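Contents: one structure, followed by commentary.
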Amino acid sequence: VTFNAPEIDYAGLSPVIALTTGLCVVLIAGVLPRIDRFLVAGLTLATLAATAGMAIWQWGERTDLVSGALRLDELGLAAALIAILAASVVTVLSIREPAAEDAGLGAFYALLLGSVLGMTILASSQNLVSFFVGLELLSIPLYVMCGSAIKREASLESGLKYLIIGSLGSATLLYGFAMLYGAAGSTDFSAIADSLGPGGNADDTLVLLGVAMAATGLAFKISLAPFHQWTPDVYQGAPTPVTAFMAVATKAAAFVAFARLFEVALTDLAGDWDTALAALSVISIAVGNIGALGQDSLKRLMGYSGIAQAGYMLAGIVVFSETGLNALIFYLAAYCLMNLAVFVPIVVRERETDRGDDISAMNGIGASRPLLAWPITIGMLALAGLPGTSGFIGKLFLIEAAVEGDYTWLGVVIVIGTMVSLAYYLRVLAAVWMRPDESVERPAPEPGPMPAIAGGAPGEEAVTPATGVVAGAIPKGASRCGLVVGAGLICAAATVFFGVIPSPLVDWASNAGASIF
Amino acid sequence: MINFLIWAPLAGALVACAVPRRLIGWVACAGSLASLALAIVVLADFDPSGGLQRTFNESWIPDLGVSYSLGIDGISVFLVLLTATLWFAATAWSAVRMPERPRVWFLMMGLAESATLGAFCAQDLLLFVLFFDLMLIPFYFLFGSWGQDVEGDVSEPQPVTASRATIKMIVYTLVGSLLMLVGAIATAILTSDDTGNALTFSISELTAHPLGQGSQDWIFWFFAAAFLVKMPAFLVHGWMPDAYRVAPLPALAVFSAVLSKVAAYGFLRIVLPILPDATVKFQGVLMLIALASILYGSVMAFTQTNARLVAGYSSMAQLGFITLGIFTLRPDGADGAVLQMVNHGLVVAPLLLIMVVLVERAKSDDITKMGGLAMRAPVLAAMFLIITMALLAIPGSSNFIGELYILFGTFQTKIAIALVGFLGVAMAAYYALRLYQRAMHNRLRDGVESREIPLREGAIVGALVACIVALALQPNFILRRIDGSTQSAVASVAINDCLRTGSAGPADKCLADFGITPQTTASNEGGPELQVIK
């Protein structure tokens with residue numbers, strides 16, 4: 001008896017292999033008797049760097065992997081790279097994060113890597129089964145990470161809530177997939193496309209229900225309204241680095257998967273579904289922007305802002321065109337950078353003041369902590385789509401795609417949403433620059449002979465933004481966030497850079513978008 | 001060189017962030033001064049019949065059809081010079097009286113100047129929109145961080161905080177700007193659909209291929225929304241009173257003097273050439289809005305007691321005149337409008353700078369609490385008087401010439417509007433003199449001290465006043481250079497209108513009906529109007 005082992009394309013699978021290996025190493029490193037938080041974080045970063053290296057090495061390859069379950073192309077790799085970027089920043093953010101230390105460093109970082117692995121698989125899957133596996137691999141670590149601050153009730157509640165709602169979403173998706181399979185007779189995307197194509201059974205009730213339920217399930221993950229109710233609560237309760245990760249990485253992977261499902265498998269149904277998707281987009285823009293208006297908690301605000309931003313991004317899928325997909329990829333990358341630039345100061349201030357994630361924690365940091373103030377300022381301006389930042393180019397790209405696809409009215413809705421959003425983004429900036437810093441000093445979260453962390457005296461310029469010279473007023477505890485602040489500055493700088501010289505990122509996005517057309 | 005002209009202020013401000021505290025202001029000034037010097041060089045070399053000059057063209061985002069393309073023509077050359085002059089004055093003023101947190105202040109001033117200069121030089125529609133939005137952001141920080149929270153007073157009872165007022169201003173003005181973004185994208189995409197060419201936002205390309213009437217109509221209002229809010233025009237001026245009450249005066253000086261002009265310039269540079277049919281169609285509506293701005297602005301200006309609001313509402317009335325001039329769609333009206341943009345900028349900036357001094361002396365913004373300030377301050381009084389006279393457009397001033405041209409143009413298009421518009425001229429005299437009298441004449445009030453303006457500040461205002469006087473003596477200096485460009489700006493509208501109504505026969509006659517000398521446009525080779533005729 002001869003057994004023909006399936007041919008395995010190790011090169012194509014290398015990002016997945018690197019992540020899996022790293023995951024095991026980090027998990028083992030976590031149970032070593034003497035663990036150093038920098039060692040585990042360093043290993044995580046090394047894994048992510050290796051994965052990114054593999055992804056860049058494989059950039060430009062287009063082949064089927066694992067008998068067609070996965071597709072190696074630029075689109076999937078782009079999502080993987082965005083997720084890796086987000087995970088790297090979040091790894092840095094999680095150093096000294098109480099949640100990570102409570103949960104066990106090895107476990108926390110391994111879960112993070114597991115989630116990235118899920119995202120990589122989800123974004124490159126072209127089979128209903130691998131799609132679902134990727135989605136669950138992405139979600140389950142997140143449920144745990146949300147509840148990882150085991151000493152905080154809100155965190156546990158957040159984890160449980162996310163678990164229940166997430167499972168509901170997954171179940172809906174799975175049910176939808178079952179119906180699609182029933183109608184098309186295959187789980188493979190291209191086979192589904194053939195079966196539903198011209199002369200196929202696209203109007204079958206089974207198909208309609210299946211697509212609707214699959215879209216609903218994905219909308220839960222992306223947090224599109226009206227499937228968004230979990231978002232603000234979970235975002236607020238989860239440890240802030242985890243919130244940052246969910247806000248950007250999940251969105252990137254799920255959006256790419258959404259795009260692949262609709263534009264490869266269901267592309268012939270475009271005419272039936274674009275109006276429904278446009279309606280989802282409009283509802284999300286409205287709900288997200290209006291919901292964010294009255295929020296005092298920055299994490300809730302970012303949650304609602306994320307709903308609105310998801311609405312903008314959905315416009316890239318609504319038009320079912322290559323420009324639309326390019327715009328989506330560009331926006332996802334830009335969104336990742338600007339959102340992280342906003343979350344870094346939130347994390348740092350949460351540790352420095354006793355106000356948690358309330359807007360008042362940001363009061364006066366324009367004068368006392370310019371190195372934190374600039375990233376959040378640039379991030380907020382970019383989220384609002386103001387020029388000079390990649391947010392403007394992203395909006396421009398999306399609106400151009402919408403107008404080109406005869407969805408000018410959707411472009412106008414995006415613009416109106418943006419106007420409303422200014423009211424809450426600028427409210428945060430007003431706190432940053434226009435209020436005095438009266439933050440109450442409190443000791444560091446860790447025991448030990450650490451000095452109290454203070455925000456510096458109001459009205460005093462402790463650090464000059466251009467030179468970065470640290471004046472005497474900067475408290476010692478704050479400088480321990482140096483790595484974190486550095487990550488925020490890098491994200492903000494990249495946001496401005498791609499706003500002024502967008503061509504590299506535009507080319508990258510167009511490259512990714514072209515891979516499925 | 002045009003790049004240096006635009007980016008020198010921002011570069012100066014960035015360098016200023018790195019120097020010791022006492023040098024910050026002067027380094028920022030140097031950047032602004034470099035820009036001013038280049039603007040003067042550009043003007044000195046300017047060829048009045050040369051069309052677009054000093055062009056710079058570089059592909060920026062090829063996938064989206066956006067190019068980084070700049071150039072200066074007769075309309076923008078004086079506005080660039082005006083911007084550079086006034087910003088240098090305001091930057092020097094703030095260098096003299098160092099504000100708190102000077103690094104951020106000068107950085108924002110520099111960024112605002114660069115963005116404004118960029119808006120005047122942009123020859124790509126999207127680049128214009130980008131600069132138009134960009135110039136607003138620094139003012140959010142300038143007004144919000146350095147503004148004052150004000151109590152209510154008799155005429156404006158609501159108290160308002162700086163951050164609320166600025167958020168209101170940004171939301172209002174960005175409503176228009178973002179709609180303009182959609183309008184710009186739609187224009188480019190529809191044009192490329194029509195012509196089959198690659199997507200481009202180049203203004204000259206878009207001018208050469210105007211859209212169909214239906215598309216023009218809705219796109220027109222998207223652009224008009226942006227420009228009318230920014231001016232501000234009647235009905236969309238809701239942000240203006242609060243913003244003027246809280247704003248720090250040196251920043252308000254450039255804001256009021258220059259940013260509103262970008263809006264008027266946008267009509268001339270973009271709406272008229274790119275959307276000629278819609279312009280003709282909505283000419284009457286826009287003229288009525290302009291007229292309403294004139295009347296409402298003037299009436300409000302002479303009922304307000306807050307000096308800042310007098311300046312604000314008078315600007316609104318003046319911008320009404322400028323809009324009126326542009327929408328006469330005649331070269332004389334447009335000439336007057338451009339001249340008036342320069343005049344008004346030169347008047348309102350020193351007015352607001354002088355107001356800094358007045359408010360310090362009287363310790364209040366309220367003109368009923370001022371009085372007698374002229375007593376021991378003859379130089380201040382003299383400069384203020386010249387500014388007042390220019391503001392009310394006394395015969396002999398350049399403002400008079402500007403308003404005259406505008407009204408000439410209006411008489412030939414809509415005589416009724418011109419007749420009512422004259423009321424605005426009369427009311428200007430009233431509110432300008434009232435402001436001057438209340439502040440400077442009468443007895444000295446308790447707690448008000450009359451002191452001369454300090455030397456360095458006096459020199460800055462004096463230089464601007466000298467510009468006003470010089471312009472009064474030689475308004476032709478400007479008119480001669482802008483004429484060619486304004487003619488070609490209105491020519492495409494005129495011709496399209498002629499062709500559409502089919503009223504006139506040969507193109508020359510068509511142009512003559514609109515007061516355009518045929519030779520000028522004929523020499524303007526490759527201009528849009530000739531292609532339309534073919």
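To be explicit about the labels: the chains of the structure tokens are called A, B, and onward in the order shown, and within each one the residues are counted from 1, while ligands get numbers from 1 in the order they are shown.
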
Applying 6 Å and only C-alpha atoms, which residues near region 240-256 of chain A remain after dropping the ones on its own chain fewer than 4 positions away? List them as a compact mmCIF listing (two decimals) with C-alpha atoms, in the first residue's frame.
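Saved as out-v2.txt:
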# COMPACT_ATOMS: atom_id res chain seq x y z
CA ALA A 79 -4.59 41.59 7.17
CA ALA A 83 -2.85 42.24 13.05
CA VAL A 90 -0.32 45.73 22.39
CA LEU A 93 1.31 48.14 26.14
CA MET A 119 -6.72 36.28 12.29
CA ALA A 123 -8.07 36.41 6.51
CA ILE A 222 -16.95 43.71 13.27
CA TYR A 235 -14.56 47.61 25.41
CA LEU A 332 -7.76 49.41 7.90
CA CYS A 336 -4.84 50.59 13.06

### Message
If the cut-off is 8 Å, can you tell me the residues of chain A near chain B, counting only C-alpha atoms? I'd like them as JSON, numbers by chain.
### Response
{"A": [367, 386, 387, 388, 396, 397, 399, 400, 403, 404, 408, 411, 412, 415, 416, 419, 420, 422, 423, 426, 427, 430, 433, 434, 459, 461, 464, 465, 466, 467, 501, 502, 503, 506, 507]}

### 10 Å contact set for Phe227 (chain A), only C-alpha atoms, chain neighbours under 6 positions out, as JSON, numbers by chain
{"A": [165, 169, 216, 217, 218, 219, 220, 221, 280, 284, 307]}

### Task
Could you find all residues in region 165-260 of chain B that DSSP calls alpha helix (DSSP H) from the backbone, and write them as JSON, numbers by chain?
{"B": [165, 166, 167, 168, 169, 170, 171, 172, 173, 174, 175, 176, 177, 178, 179, 180, 181, 182, 183, 184, 185, 186, 187, 188, 189, 190, 191, 192, 193, 194, 195, 203, 204, 205, 206, 207, 208, 213, 214, 215, 216, 217, 218, 219, 220, 221, 222, 223, 224, 225, 226, 227, 228, 229, 230, 240, 241, 242, 243, 244, 245, 246, 249, 250, 251, 252, 253, 254, 260]}

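Relative to CA of Pro232 (chain B), CA of Ser298 (chain B) is found at 13.5 Å.
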
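Each of B:Thr410, B:Ser293, B:Asn3, B:Gln158 was checked against Gly424 (chain B) using only C-alpha atoms; the smallest atom-to-atom distance is that of B:Ser293.
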
### Query
Could you name the residues that touch region 515-517 of chain A at 8 Å or less, counting only C-alpha atoms, but leaving out those on the same chain fewer than 5 positions away, as a ChimeraX atom specification?
/A:62,73-75,260,264,322

### Message
Residues of region 60-209 of chain B classed as strand (DSSP E) by DSSP on the backbone are to be reported as number ranges by chain.
### Response
B: 60-61, 66-72

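Of the listed residues (B:Ala307, B:Ala349, B:Leu81, B:Ile6), B:Leu81 comes nearest to Val41 (chain B); the distances count only C-alpha atoms.
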
Quick one: residues within 10 Å of Ala432 (chain B), only C-alpha atoms counted, chain neighbours fewer than 3 positions away excluded, as a PDB file with N, CA, C and O atoms, in the first residue's frame?
ATOM      1  N   SER B 298     -24.432  94.715   8.442  1.00  0.00           N
ATOM      2  CA  SER B 298     -24.322  96.139   8.770  1.00  0.00           C
ATOM      3  C   SER B 298     -25.216  96.489   9.948  1.00  0.00           C
ATOM      4  O   SER B 298     -24.799  97.185  10.879  1.00  0.00           O
ATOM      5  N   ALA B 301     -23.798  95.180  13.049  1.00  0.00           N
ATOM      6  CA  ALA B 301     -22.570  95.872  13.435  1.00  0.00           C
ATOM      7  C   ALA B 301     -22.886  97.174  14.143  1.00  0.00           C
ATOM      8  O   ALA B 301     -22.161  97.569  15.037  1.00  0.00           O
ATOM      9  N   PHE B 302     -23.954  97.849  13.773  1.00  0.00           N
ATOM     10  CA  PHE B 302     -24.173  99.086  14.529  1.00  0.00           C
ATOM     11  C   PHE B 302     -25.140  98.950  15.690  1.00  0.00           C
ATOM     12  O   PHE B 302     -25.469  99.915  16.334  1.00  0.00           O
ATOM     13  N   VAL B 310     -18.495  93.995  16.540  1.00  0.00           N
ATOM     14  CA  VAL B 310     -18.609  95.023  15.510  1.00  0.00           C
ATOM     15  C   VAL B 310     -17.699  94.647  14.340  1.00  0.00           C
ATOM     16  O   VAL B 310     -18.104  94.653  13.173  1.00  0.00           O
ATOM     17  N   ALA B 311     -16.471  94.256  14.694  1.00  0.00           N
ATOM     18  CA  ALA B 311     -15.545  93.842  13.640  1.00  0.00           C
ATOM     19  C   ALA B 311     -16.071  92.617  12.904  1.00  0.00           C
ATOM     20  O   ALA B 311     -16.017  92.536  11.679  1.00  0.00           O
ATOM     21  N   SER B 314     -19.082  93.492  10.718  1.00  0.00           N
ATOM     22  CA  SER B 314     -18.688  94.333   9.583  1.00  0.00           C
ATOM     23  C   SER B 314     -17.965  93.475   8.538  1.00  0.00           C
ATOM     24  O   SER B 314     -18.148  93.674   7.341  1.00  0.00           O
ATOM     25  N   LEU B 385      -7.848 106.116  13.148  1.00  0.00           N
ATOM     26  CA  LEU B 385      -8.710 106.923  12.285  1.00  0.00           C
ATOM     27  C   LEU B 385      -8.551 106.525  10.822  1.00  0.00           C
ATOM     28  O   LEU B 385      -9.534 106.369  10.094  1.00  0.00           O
ATOM     29  N   ILE B 387      -7.635 103.686   9.674  1.00  0.00           N
ATOM     30  CA  ILE B 387      -8.254 102.381   9.483  1.00  0.00           C
ATOM     31  C   ILE B 387      -9.772 102.529   9.403  1.00  0.00           C
ATOM     32  O   ILE B 387     -10.433 101.914   8.558  1.00  0.00           O
ATOM     33  N   THR B 388     -10.317 103.372  10.276  1.00  0.00           N
ATOM     34  CA  THR B 388     -11.765 103.572  10.269  1.00  0.00           C
ATOM     35  C   THR B 388     -12.232 104.127   8.943  1.00  0.00           C
ATOM     36  O   THR B 388     -13.231 103.682   8.363  1.00  0.00           O
ATOM     37  N   MET B 389     -11.488 105.123   8.462  1.00  0.00           N
ATOM     38  CA  MET B 389     -11.865 105.741   7.191  1.00  0.00           C
ATOM     39  C   MET B 389     -11.826 104.706   6.060  1.00  0.00           C
ATOM     40  O   MET B 389     -12.701 104.679   5.195  1.00  0.00           O
ATOM     41  N   ALA B 390     -10.818 103.880   6.114  1.00  0.00           N
ATOM     42  CA  ALA B 390     -10.734 102.850   5.070  1.00  0.00           C
ATOM     43  C   ALA B 390     -11.891 101.870   5.218  1.00  0.00           C
ATOM     44  O   ALA B 390     -12.491 101.439   4.230  1.00  0.00           O
ATOM     45  N   LEU B 391     -12.224 101.547   6.459  1.00  0.00           N
ATOM     46  CA  LEU B 391     -13.306 100.587   6.688  1.00  0.00           C
ATOM     47  C   LEU B 391     -14.622 101.119   6.147  1.00  0.00           C
ATOM     48  O   LEU B 391     -15.422 100.375   5.586  1.00  0.00           O
ATOM     49  N   LEU B 392     -14.861 102.400   6.306  1.00  0.00           N
ATOM     50  CA  LEU B 392     -16.131 102.921   5.822  1.00  0.00           C
ATOM     51  C   LEU B 392     -16.042 103.305   4.350  1.00  0.00           C
ATOM     52  O   LEU B 392     -16.982 103.868   3.790  1.00  0.00           O
ATOM     53  N   ALA B 393     -14.918 103.026   3.714  1.00  0.00           N
ATOM     54  CA  ALA B 393     -14.730 103.237   2.279  1.00  0.00           C
ATOM     55  C   ALA B 393     -14.963 104.686   1.895  1.00  0.00           C
ATOM     56  O   ALA B 393     -15.782 105.018   1.054  1.00  0.00           O
ATOM     57  N   MET B 427     -24.436 102.414   5.710  1.00  0.00           N
ATOM     58  CA  MET B 427     -24.413 101.897   7.075  1.00  0.00           C
ATOM     59  C   MET B 427     -22.991 101.661   7.551  1.00  0.00           C
ATOM     60  O   MET B 427     -22.698 101.801   8.739  1.00  0.00           O
ATOM     61  N   ALA B 428     -22.087 101.313   6.599  1.00  0.00           N
ATOM     62  CA  ALA B 428     -20.685 101.111   6.982  1.00  0.00           C
ATOM     63  C   ALA B 428     -20.141 102.368   7.624  1.00  0.00           C
ATOM     64  O   ALA B 428     -19.431 102.318   8.631  1.00  0.00           O
ATOM     65  N   ALA B 429     -20.494 103.508   7.069  1.00  0.00           N
ATOM     66  CA  ALA B 429     -20.025 104.770   7.632  1.00  0.00           C
ATOM     67  C   ALA B 429     -20.507 104.897   9.073  1.00  0.00           C
ATOM     68  O   ALA B 429     -19.758 105.304   9.959  1.00  0.00           O
ATOM     69  N   LEU B 435     -17.871 103.020  16.166  1.00  0.00           N
ATOM     70  CA  LEU B 435     -16.819 102.291  16.878  1.00  0.00           C
ATOM     71  C   LEU B 435     -15.696 103.240  17.273  1.00  0.00           C
ATOM     72  O   LEU B 435     -15.235 103.253  18.413  1.00  0.00           O
ATOM     73  N   TYR B 436     -15.289 104.066  16.326  1.00  0.00           N
ATOM     74  CA  TYR B 436     -14.165 104.969  16.588  1.00  0.00           C
ATOM     75  C   TYR B 436     -14.515 105.966  17.690  1.00  0.00           C
ATOM     76  O   TYR B 436     -13.776 106.160  18.650  1.00  0.00           O
ATOM     77  N   GLN B 437     -15.709 106.577  17.538  1.00  0.00           N
ATOM     78  CA  GLN B 437     -16.106 107.612  18.490  1.00  0.00           C
ATOM     79  C   GLN B 437     -16.230 107.073  19.902  1.00  0.00           C
ATOM     80  O   GLN B 437     -15.703 107.651  20.849  1.00  0.00           O
TER      81      GLN B 437
END

### Contacts of Cys121 (chain B) within 7 Å, only C-alpha atoms, excl. fewer than 5 positions in-chain, as a ChimeraX atom specification
/B:70-72,76

Could the residues in this selection be written to a file with N, CA, C and O atoms, as a compact mmCIF listing (two decimals), in the first residue's frame?
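What ended up in part_19.txt:
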# COMPACT_ATOMS: atom_id res chain seq x y z
N LEU B 70 0.91 73.38 -8.06
CA LEU B 70 0.80 74.74 -7.53
C LEU B 70 1.01 75.74 -8.64
O LEU B 70 1.58 75.41 -9.68
N GLY B 71 0.58 76.94 -8.42
CA GLY B 71 0.81 78.00 -9.39
C GLY B 71 0.17 79.27 -8.87
O GLY B 71 -0.65 79.25 -7.96
N ILE B 72 0.60 80.38 -9.45
CA ILE B 72 0.07 81.67 -9.01
C ILE B 72 -0.40 82.43 -10.23
O ILE B 72 0.29 82.47 -11.24
N SER B 76 -4.49 85.21 -7.41
CA SER B 76 -3.89 84.75 -6.16
C SER B 76 -2.66 85.54 -5.76
O SER B 76 -2.31 85.56 -4.58

### Task
Determine, counting only C-alpha atoms, which protein, DNA and RNA residues have an atom within 12 Å of an atom of Ile322 (chain B); residues of the same chain fewer than 3 positions away are not included. Present the result as JSON, numbers by chain.
{"B": [228, 231, 232, 233, 260, 261, 262, 263, 264, 265, 267, 268, 286, 287, 289, 290, 291, 293, 294, 315, 316, 317, 318, 319, 325, 326, 327, 328, 329, 332, 333, 334, 335, 336, 337, 338, 339, 340, 341, 342, 343, 344, 345, 399, 402, 403, 404, 405, 406, 407, 409, 410, 421]}

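The gap separating CA of Gly237 (chain A) from CA of Asp296 (chain A) is 14.3 Å, in Å to one decimal.
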
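Closest approach to Ala509 (chain A) from the set A:Ala184, A:Glu61, A:Val207, A:Phe330 is made by A:Phe330, with distances taken over only C-alpha atoms.
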
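Comparing A:Leu269, A:Val347, A:Leu122, A:Ala327 by their smallest distance to Leu298 (chain A), the closest is A:Val347 (using only C-alpha atoms).
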